[in-house]
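Structure below is structure-v9.txt: compact mmCIF, C-alpha atoms.
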# COMPACT_ATOMS: atom_id res chain seq x y z
CA MET A 1 0.00 0.00 0.00
CA ASN A 2 1.38 3.32 -1.12
CA PRO A 3 1.16 6.21 1.42
CA GLU A 4 1.92 8.70 -1.35
CA LEU A 5 -1.68 8.31 -2.56
CA VAL A 6 -2.70 10.79 0.13
CA GLY A 7 -3.25 14.18 -1.44
CA ARG A 8 -2.93 12.94 -5.03
CA ASP A 9 -5.20 14.69 -7.55
CA PHE A 10 -7.74 12.55 -9.34
CA PRO A 11 -9.87 13.89 -12.20
CA PRO A 12 -13.62 14.16 -11.61
CA THR A 13 -15.53 11.11 -12.84
CA PRO A 14 -17.59 11.52 -16.05
CA PRO A 15 -21.13 12.80 -15.36
CA TYR A 16 -23.54 10.05 -14.23
CA LEU A 17 -27.15 10.71 -15.20
CA VAL A 18 -29.49 9.31 -12.54
CA GLY A 19 -32.38 7.59 -14.30
CA ARG A 20 -35.86 7.09 -12.84
CA GLU A 21 -35.89 3.38 -13.60
CA LYS A 22 -32.43 3.00 -12.04
CA VAL A 23 -33.72 4.59 -8.84
CA ARG A 24 -36.70 2.22 -8.89
CA GLU A 25 -34.43 -0.77 -9.49
CA PHE A 26 -32.06 0.24 -6.68
CA SER A 27 -34.98 0.94 -4.33
CA ARG A 28 -36.37 -2.53 -4.88
CA ALA A 29 -32.92 -4.02 -4.26
CA VAL A 30 -32.56 -2.35 -0.83
CA PHE A 31 -36.18 -3.05 0.21
CA ALA A 32 -37.05 0.65 -0.01
CA THR A 33 -40.82 0.68 -0.15
CA GLU A 34 -41.72 4.32 0.46
CA PRO A 35 -43.49 5.83 -2.58
CA GLN A 36 -41.08 8.80 -2.77
CA HIS A 37 -38.50 6.35 -4.20
CA THR A 38 -40.71 4.99 -6.98
CA ASP A 39 -43.66 7.31 -7.63
CA PRO A 40 -42.86 10.70 -9.21
CA ALA A 41 -46.14 12.19 -7.94
CA ALA A 42 -45.31 11.19 -4.34
CA ALA A 43 -41.83 12.69 -4.72
CA ARG A 44 -43.30 15.93 -6.14
CA ARG A 45 -45.62 16.22 -3.15
CA LEU A 46 -42.46 16.35 -1.00
CA GLY A 47 -41.02 19.06 -3.22
CA TYR A 48 -38.70 17.00 -5.42
CA ALA A 49 -38.54 17.12 -9.22
CA ASP A 50 -38.61 13.31 -9.56
CA VAL A 51 -38.19 10.08 -7.59
CA VAL A 52 -35.74 10.27 -4.67
CA ALA A 53 -32.91 7.73 -4.53
CA PRO A 54 -32.44 5.79 -1.27
CA PRO A 55 -29.61 7.19 0.91
CA THR A 56 -27.01 4.57 -0.02
CA PHE A 57 -27.46 5.07 -3.78
CA ALA A 58 -24.51 7.51 -3.51
CA MET A 59 -22.31 4.40 -3.39
CA VAL A 60 -22.93 3.86 -7.12
CA ILE A 61 -21.17 7.17 -7.81
CA GLN A 62 -18.52 6.63 -5.16
CA ASP A 63 -17.73 3.28 -6.75
CA LEU A 64 -16.62 5.09 -9.92
CA THR A 65 -14.03 6.94 -7.84
CA LEU A 66 -12.87 3.76 -6.11
CA GLN A 67 -12.31 2.23 -9.55
CA GLN A 68 -9.93 5.13 -10.23
CA LEU A 69 -8.04 4.30 -7.03
CA LEU A 70 -7.79 0.60 -7.89
CA ALA A 71 -6.59 1.49 -11.39
CA GLU A 72 -3.59 3.50 -10.14
CA PRO A 73 -0.63 1.33 -11.14
CA ASP A 74 1.22 2.13 -7.91
CA SER A 75 -1.73 1.87 -5.50
CA GLY A 76 -0.74 -1.55 -4.14
CA ILE A 77 -4.45 -2.41 -3.78
CA ALA A 78 -5.85 -5.71 -5.02
CA LEU A 79 -9.61 -6.11 -4.89
CA GLU A 80 -9.54 -9.70 -3.63
CA ARG A 81 -7.55 -8.59 -0.57
CA THR A 82 -9.82 -5.63 0.18
CA VAL A 83 -12.44 -5.56 2.92
CA HIS A 84 -14.99 -2.77 3.34
CA ALA A 85 -14.59 -1.79 7.00
CA GLU A 86 -16.64 1.41 7.34
CA GLN A 87 -18.91 3.60 5.25
CA ARG A 88 -20.29 7.09 5.87
CA PHE A 89 -22.34 9.59 3.89
CA ARG A 90 -22.77 13.30 4.60
CA TYR A 91 -25.67 14.80 2.66
CA THR A 92 -26.50 18.33 1.60
CA ARG A 93 -29.55 16.96 -0.22
CA PRO A 94 -30.80 13.59 -1.46
CA ILE A 95 -30.05 12.33 -4.97
CA VAL A 96 -33.03 12.73 -7.32
CA ALA A 97 -33.69 11.21 -10.76
CA GLY A 98 -32.46 13.63 -13.41
CA ASP A 99 -29.35 14.60 -11.42
CA GLU A 100 -26.10 14.57 -13.35
CA LEU A 101 -23.49 13.68 -10.76
CA THR A 102 -19.72 13.82 -10.69
CA GLY A 103 -17.45 12.36 -8.04
CA ARG A 104 -14.04 13.62 -7.05
CA LEU A 105 -11.78 11.25 -5.16
CA GLN A 106 -9.44 12.14 -2.37
CA VAL A 107 -7.41 9.69 -0.31
CA THR A 108 -7.41 11.24 3.14
CA GLY A 109 -5.59 8.65 5.17
CA VAL A 110 -3.37 5.58 4.94
CA ARG A 111 -2.27 3.95 8.14
CA PRO A 112 -0.59 0.62 8.75
CA PHE A 113 -2.85 -2.14 10.04
CA GLY A 114 -1.31 -5.55 10.65
CA LYS A 115 0.49 -6.54 7.44
CA GLY A 116 -1.70 -4.22 5.41
CA ALA A 117 -3.26 -0.78 5.70
CA MET A 118 -6.48 1.05 6.51
CA VAL A 119 -7.22 3.43 3.67
CA THR A 120 -9.75 6.23 4.02
CA SER A 121 -11.06 7.69 0.78
CA GLU A 122 -13.62 10.42 0.24
CA ALA A 123 -15.72 11.07 -2.82
CA GLU A 124 -17.23 14.52 -3.04
CA ILE A 125 -20.30 14.20 -5.22
CA THR A 126 -21.60 17.33 -6.94
CA ASP A 127 -24.40 18.07 -9.39
CA ALA A 128 -24.32 19.62 -12.87
CA ALA A 129 -24.30 23.11 -11.33
CA GLY A 130 -21.27 22.17 -9.24
CA ALA A 131 -23.26 22.22 -6.00
CA HIS A 132 -22.48 19.70 -3.28
CA VAL A 133 -24.90 16.77 -2.99
CA VAL A 134 -23.19 14.20 -0.79
CA THR A 135 -19.74 13.22 0.43
CA ALA A 136 -19.15 9.48 0.65
CA VAL A 137 -16.37 8.19 2.90
CA SER A 138 -15.08 4.62 2.74
CA VAL A 139 -12.60 2.93 5.00
CA LEU A 140 -11.04 -0.03 3.24
CA LEU A 141 -8.89 -2.62 4.93
CA ILE A 142 -6.22 -3.62 2.43
CA GLY A 143 -4.48 -6.91 3.15
CA GLY A 144 -0.70 -7.13 2.90
CA GLU A 145 1.16 -9.15 0.28
CA GLU A 146 1.02 -12.89 0.88
CA MET B 1 -39.96 2.37 26.17
CA THR B 2 -42.45 3.82 23.73
CA THR B 3 -43.01 3.26 20.07
CA SER B 4 -43.85 6.27 17.99
CA THR B 5 -46.84 5.71 15.78
CA GLY B 6 -46.80 8.94 13.79
CA SER B 7 -44.60 9.89 10.88
CA GLY B 8 -43.23 13.02 9.24
CA ALA B 9 -42.32 16.32 10.89
CA ASP B 10 -44.83 15.98 13.77
CA ALA B 11 -43.30 12.66 14.81
CA LEU B 12 -39.86 14.25 15.08
CA THR B 13 -40.64 16.47 18.07
CA GLY B 14 -40.71 15.53 21.73
CA LEU B 15 -38.61 12.42 21.19
CA GLU B 16 -37.10 10.61 24.14
CA VAL B 17 -33.71 8.94 24.05
CA GLY B 18 -34.21 5.18 23.90
CA ALA B 19 -37.61 5.29 22.19
CA VAL B 20 -38.02 2.79 19.35
CA VAL B 21 -39.15 4.73 16.27
CA ALA B 22 -39.25 1.91 13.74
CA GLU B 23 -38.39 -1.73 13.28
CA ARG B 24 -38.72 -4.41 10.65
CA THR B 25 -37.49 -7.82 9.56
CA VAL B 26 -36.14 -8.42 6.07
CA ALA B 27 -35.75 -11.92 4.63
CA LEU B 28 -32.74 -12.08 2.33
CA THR B 29 -32.37 -14.84 -0.25
CA ARG B 30 -29.73 -15.52 -2.88
CA GLU B 31 -32.06 -13.76 -5.31
CA SER B 32 -31.83 -10.62 -3.12
CA LEU B 33 -28.05 -10.68 -3.49
CA VAL B 34 -28.17 -11.07 -7.26
CA ARG B 35 -30.73 -8.27 -7.46
CA TYR B 36 -28.50 -5.98 -5.37
CA ALA B 37 -25.45 -6.91 -7.46
CA GLY B 38 -27.27 -5.86 -10.60
CA ALA B 39 -28.73 -2.69 -9.14
CA SER B 40 -25.48 -1.51 -7.54
CA GLY B 41 -22.92 -2.82 -10.01
CA ASP B 42 -21.06 -4.74 -7.28
CA PHE B 43 -20.47 -8.11 -8.93
CA ASN B 44 -17.92 -9.48 -6.47
CA PRO B 45 -18.58 -13.26 -6.79
CA ILE B 46 -18.35 -13.84 -3.02
CA HIS B 47 -21.93 -12.55 -3.02
CA TYR B 48 -23.36 -15.27 -5.28
CA ARG B 49 -20.86 -18.13 -5.78
CA ASP B 50 -20.34 -20.76 -3.10
CA ASP B 51 -17.16 -22.05 -4.74
CA VAL B 52 -15.49 -18.64 -4.75
CA ALA B 53 -16.59 -17.90 -1.17
CA ALA B 54 -15.12 -21.22 -0.04
CA ARG B 55 -11.88 -20.67 -1.96
CA VAL B 56 -11.21 -17.34 -0.20
CA GLY B 57 -11.98 -18.89 3.20
CA LEU B 58 -15.41 -17.42 3.90
CA PRO B 59 -18.05 -19.33 5.88
CA GLY B 60 -20.43 -19.02 2.91
CA VAL B 61 -21.89 -16.61 0.36
CA LEU B 62 -22.19 -13.20 2.05
CA ALA B 63 -24.67 -10.37 1.70
CA HIS B 64 -23.09 -7.17 0.38
CA GLY B 65 -22.29 -4.91 3.33
CA MET B 66 -23.85 -2.07 1.36
CA LEU B 67 -27.07 -4.07 0.98
CA THR B 68 -27.30 -4.47 4.75
CA MET B 69 -26.49 -0.77 5.20
CA GLY B 70 -29.04 0.23 2.58
CA LEU B 71 -31.95 -1.83 3.86
CA ALA B 72 -31.20 -0.83 7.47
CA VAL B 73 -31.64 2.91 6.96
CA GLU B 74 -34.75 2.43 4.86
CA THR B 75 -36.47 1.09 7.97
CA ILE B 76 -36.85 4.66 9.30
CA VAL B 77 -37.93 6.44 6.10
CA GLU B 78 -41.67 5.91 6.62
CA TRP B 79 -41.36 7.41 10.10
CA LEU B 80 -39.26 10.31 8.77
CA GLY B 81 -41.78 11.05 6.03
CA ASP B 82 -38.89 12.05 3.73
CA SER B 83 -35.46 10.43 3.29
CA GLY B 84 -34.19 13.93 2.48
CA ARG B 85 -34.16 14.69 6.21
CA ILE B 86 -31.13 12.45 6.60
CA SER B 87 -27.97 14.55 6.91
CA GLU B 88 -25.50 11.85 7.81
CA TYR B 89 -25.38 8.05 7.90
CA GLY B 90 -22.49 5.84 8.88
CA VAL B 91 -21.82 2.20 9.79
CA ARG B 92 -19.01 -0.19 10.56
CA PHE B 93 -19.18 -3.60 8.94
CA THR B 94 -18.38 -5.80 11.93
CA ARG B 95 -19.85 -9.25 11.16
CA PRO B 96 -20.53 -10.94 7.82
CA VAL B 97 -24.07 -12.05 6.95
CA VAL B 98 -24.01 -15.55 5.47
CA VAL B 99 -26.98 -16.12 3.15
CA ASP B 100 -27.79 -19.81 2.92
CA ALA B 101 -28.77 -21.10 -0.53
CA GLU B 102 -32.00 -22.66 0.78
CA ASP B 103 -32.84 -20.84 4.00
CA GLY B 104 -31.55 -17.36 3.17
CA ALA B 105 -30.93 -15.04 6.11
CA GLU B 106 -33.32 -12.97 8.19
CA LEU B 107 -32.14 -9.53 9.29
CA THR B 108 -33.89 -7.60 12.05
CA VAL B 109 -33.55 -3.83 12.24
CA VAL B 110 -34.48 -1.84 15.35
CA ALA B 111 -34.21 1.96 15.22
CA LYS B 112 -33.96 3.88 18.49
CA VAL B 113 -33.47 7.50 19.38
CA GLY B 114 -29.82 7.81 20.40
CA ALA B 115 -29.53 11.54 21.06
CA VAL B 116 -31.61 14.67 20.59
CA ASP B 117 -30.60 18.31 20.17
CA GLU B 118 -32.37 21.40 18.91
CA GLU B 119 -32.09 20.73 15.19
CA THR B 120 -31.19 17.08 14.84
CA VAL B 121 -31.95 13.64 16.15
CA ARG B 122 -29.48 10.79 16.11
CA VAL B 123 -31.14 7.46 15.38
CA ASP B 124 -29.18 4.33 16.28
CA LEU B 125 -29.84 1.21 14.22
CA THR B 126 -29.32 -2.26 15.61
CA VAL B 127 -29.14 -4.79 12.79
CA SER B 128 -29.14 -8.42 13.86
CA HIS B 129 -28.85 -11.77 12.13
CA GLY B 130 -30.12 -14.23 14.73
CA ASP B 131 -28.26 -13.31 17.93
CA THR B 132 -25.42 -11.58 16.08
CA VAL B 133 -25.30 -7.82 15.64
CA VAL B 134 -23.79 -7.31 12.18
CA LEU B 135 -23.25 -3.53 11.96
CA GLY B 136 -21.32 -1.43 14.45
CA LYS B 137 -22.06 2.19 15.28
CA ALA B 138 -24.88 2.37 12.74
CA GLN B 139 -26.04 5.94 13.25
CA VAL B 140 -28.31 8.21 11.24
CA ARG B 141 -28.41 11.95 11.80
CA VAL B 142 -31.77 13.47 10.92
CA ARG B 143 -32.79 17.11 10.49
CA THR B 144 -35.87 17.79 12.58
CA GLY B 145 -36.53 21.40 11.52
CA ALA B 146 -39.04 22.39 8.87
What would you get if you wrote out this structure as structure tokens?
Amino acid sequence: MNPELVGRDFPPTPPYLVGREKVREFSRAVFATEPQHTDPAAARRLGYADVVAPPTFAMVIQDLTLQQLLAEPDSGIALERTVHAEQRFRYTRPIVAGDELTGRLQVTGVRPFGKGAMVTSEAEITDAAGAHVVTAVSVLLIGGEE
Amino acid sequence: MTTSTGSGADALTGLEVGAVVAERTVALTRESLVRYAGASGDFNPIHYRDDVAARVGLPGVLAHGMLTMGLAVETIVEWLGDSGRISEYGVRFTRPVVVDAEDGAELTVVAKVGAVDEETVRVDLTVSHGDTVVLGKAQVRVRTGA
């Protein structure tokens, strides 16, 4: 695991357009049964333009940033030795169908843990206007070389 | 201990620490895992292939941690009246959830008021598989203002 990843600049991920059917599909997958997630009229009654994605949908965008991290040739991270230890989201607003979202990755911490390392990465997720939507923070436990 | 019966903004006032605000049981099957894989894009085979799970030393095919996290928070959305009230959500993945090919796995979620201040409520989620609590420090911060 390479401690020099901390502070490295990663380009923003290409815009991800949140589709209504994708929100419905994800909602069903996480047993999200409230109508605001699937029924545009119910979402509009709450003041949203379209169906509201469940809170953990932000992971779909964060995943694009984690792919960037795994793709760094010097990252020292192999997926099969990676365990998801912690996850946090900090929201300015929920994700809504029609949003065009971009994630920007930052590695904020690498500390030794056994033979491997605990890596904290943050994805700041913004909308097409550049406004903050949600920050997703993952702590990954990266196993050491065999 | 009391159980709140209301939902939406009115239910978010006068809360007492320790009160149960919502609870539910979710029955996961292998189909649930495949559905979540497709919806989220997380196709790690430890979530649907017994042979791969065994090869990497796992006790069986595991539920995605993000599936457990996602279904846990959704337990409180009916009570909240709007998932957009959630300002922060974090968990630690402390115990794996083995999903048996025939019997699946039943997860129980209990949501209690953990702390109250003027503008927010912290809701603590206890997510259990049988007698085992599978998430650590599963906390949701909720905006209670208008």
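Nearest residue to Arg30 (chain B) among B:Gly136, B:Gly130, B:Gly104, B:Gly145 is B:Gly104, counting only C-alpha atoms.
One finds CA of Val21 (chain B) at 14.8 Å from CA of Thr120 (chain B).
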Select all residues from chain A having any atom no more than 6 Å from an atom of chain B (counting all atoms listed in the file, ignoring ligands), output as a CSV table (one decimal) with C-alpha atoms, keeping the file's coordinate frame.
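Output (iface-v5.csv):
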chain,number,residue,atom,x,y,z
A,26,PHE,CA,-32.1,0.2,-6.7
A,29,ALA,CA,-32.9,-4.0,-4.3
A,30,VAL,CA,-32.6,-2.4,-0.8
A,31,PHE,CA,-36.2,-3.0,0.2
A,32,ALA,CA,-37.0,0.6,0.0
A,56,THR,CA,-27.0,4.6,0.0
A,60,VAL,CA,-22.9,3.9,-7.1
A,85,ALA,CA,-14.6,-1.8,7.0
A,86,GLU,CA,-16.6,1.4,7.3
A,87,GLN,CA,-18.9,3.6,5.2
A,88,ARG,CA,-20.3,7.1,5.9
A,89,PHE,CA,-22.3,9.6,3.9
A,90,ARG,CA,-22.8,13.3,4.6
A,91,TYR,CA,-25.7,14.8,2.7
A,94,PRO,CA,-30.8,13.6,-1.5
Taking (-19.5, 12.5, 3.5) in the file's coordinates as the center, which residues reach within 12 Å of it, counting only C-alpha atoms, put as number ranges by chain? A: 55-56, 58-59, 62, 87-93, 103-106, 120-126, 132-139; B: 87-90
Around region 12-22 of chain B, fit a box with edges along x, y and z, padding it by 5 Å on each side, then list its centre and edge lengths in Å to one decimal as JSON.
{"center_x": -37.2, "center_y": 9.2, "center_z": 18.9, "size_x": 17.0, "size_y": 24.6, "size_z": 20.4}
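The space separating CA of Leu107 (chain B) from CA of Val127 (chain B) comes to 6.6 Å.
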Neighbouring residues of region 108-111 of chain B were defined as those with any atom within 8 Å, considering all atoms listed in the file; residues of the same chain fewer than 4 positions away were excluded. Please report them as a PyMOL selection string. chain B and resi 20-26+72+75-76+123-129
For CA of Ala54 (chain B) and CA of Asp131 (chain B), determine how far apart the two atoms are, in Å to one decimal place. 23.6 Å
Please tell me which residues are no farther than 10 Å from (-31.0, 19.5, 18.1) in the file, counting all atoms listed in the file, and write them as a PyMOL selection string. chain B and resi 115-122+142-145
Under the rule that only C-alpha atoms are counted, which of A:Ala129, A:Val96, A:Leu66, A:Ala71 is the nearest residue to Gly19 (chain A)?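 Smallest separation from Gly19 (chain A) among the options: A:Val96.
You can rank A:Gly116, A:Ala53, A:Ile142, A:Val110 by their closest distance to Gly7 (chain A) using all atoms listed in the file, and at the top of that list sits A:Val110.
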Pick from B:Val61, B:Tyr48, B:Phe43, B:Trp79, whichever lies nearest to Leu12 (chain B) using all atoms listed in the file: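 With all atoms listed in the file as the atom set, the closest residue is B:Trp79.
Considering all atoms listed in the file, the residue among A:Val52, A:Val23, A:Leu46, A:Leu64 positioned nearest to Pro11 (chain A) is A:Leu64.
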Residue contacts of Asp39 (chain A) (10 Å, only C-alpha atoms) excluding same-chain residues fewer than 5 positions away, as a list in words: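 Residues near the query, excluding close chain neighbours: Arg20, Arg24, Glu34, Arg44, Asp50, Val51 and Val52 of chain A.
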Write a file of the just-selected residues containing C-alpha atoms, as an mmCIF file, in the frame of the given file.
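Output (result_8.cif):
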data_model
loop_
_atom_site.group_PDB
_atom_site.id
_atom_site.type_symbol
_atom_site.label_atom_id
_atom_site.label_comp_id
_atom_site.auth_asym_id
_atom_site.auth_seq_id
_atom_site.Cartn_x
_atom_site.Cartn_y
_atom_site.Cartn_z
ATOM 1 C CA ARG A 20 -35.860 7.090 -12.840
ATOM 2 C CA ARG A 24 -36.700 2.220 -8.890
ATOM 3 C CA GLU A 34 -41.720 4.320 0.460
ATOM 4 C CA ARG A 44 -43.300 15.930 -6.140
ATOM 5 C CA ASP A 50 -38.610 13.310 -9.560
ATOM 6 C CA VAL A 51 -38.190 10.080 -7.590
ATOM 7 C CA VAL A 52 -35.740 10.270 -4.670
#
How about completing region 99-110 of chain B with N, CA and C atoms and giving it to me as a CSV table (one decimal), keeping the file's coordinate frame?
chain,number,residue,atom,x,y,z
B,99,VAL,N,-25.6,-15.9,3.7
B,99,VAL,CA,-27.0,-16.1,3.2
B,99,VAL,C,-27.0,-17.5,2.6
B,100,ASP,N,-27.7,-18.4,3.3
B,100,ASP,CA,-27.8,-19.8,2.9
B,100,ASP,C,-28.6,-20.0,1.6
B,101,ALA,N,-28.1,-20.9,0.8
B,101,ALA,CA,-28.8,-21.1,-0.5
B,101,ALA,C,-30.2,-21.5,-0.4
B,102,GLU,N,-30.6,-22.3,0.6
B,102,GLU,CA,-32.0,-22.7,0.8
B,102,GLU,C,-32.8,-21.8,1.8
B,103,ASP,N,-32.1,-21.5,2.9
B,103,ASP,CA,-32.8,-20.8,4.0
B,103,ASP,C,-32.7,-19.3,4.0
B,104,GLY,N,-31.8,-18.8,3.2
B,104,GLY,CA,-31.6,-17.4,3.2
B,104,GLY,C,-31.0,-16.9,4.5
B,105,ALA,N,-31.3,-15.6,4.8
B,105,ALA,CA,-30.9,-15.0,6.1
B,105,ALA,C,-31.9,-14.0,6.5
B,106,GLU,N,-32.3,-14.0,7.7
B,106,GLU,CA,-33.3,-13.0,8.2
B,106,GLU,C,-32.6,-11.9,9.0
B,107,LEU,N,-32.7,-10.6,8.6
B,107,LEU,CA,-32.1,-9.5,9.3
B,107,LEU,C,-33.2,-8.8,10.0
B,108,THR,N,-33.0,-8.4,11.3
B,108,THR,CA,-33.9,-7.6,12.0
B,108,THR,C,-33.3,-6.2,12.3
B,109,VAL,N,-34.0,-5.2,12.0
B,109,VAL,CA,-33.6,-3.8,12.2
B,109,VAL,C,-34.4,-3.2,13.3
B,110,VAL,N,-33.8,-2.6,14.3
B,110,VAL,CA,-34.5,-1.8,15.4
B,110,VAL,C,-33.9,-0.5,15.4
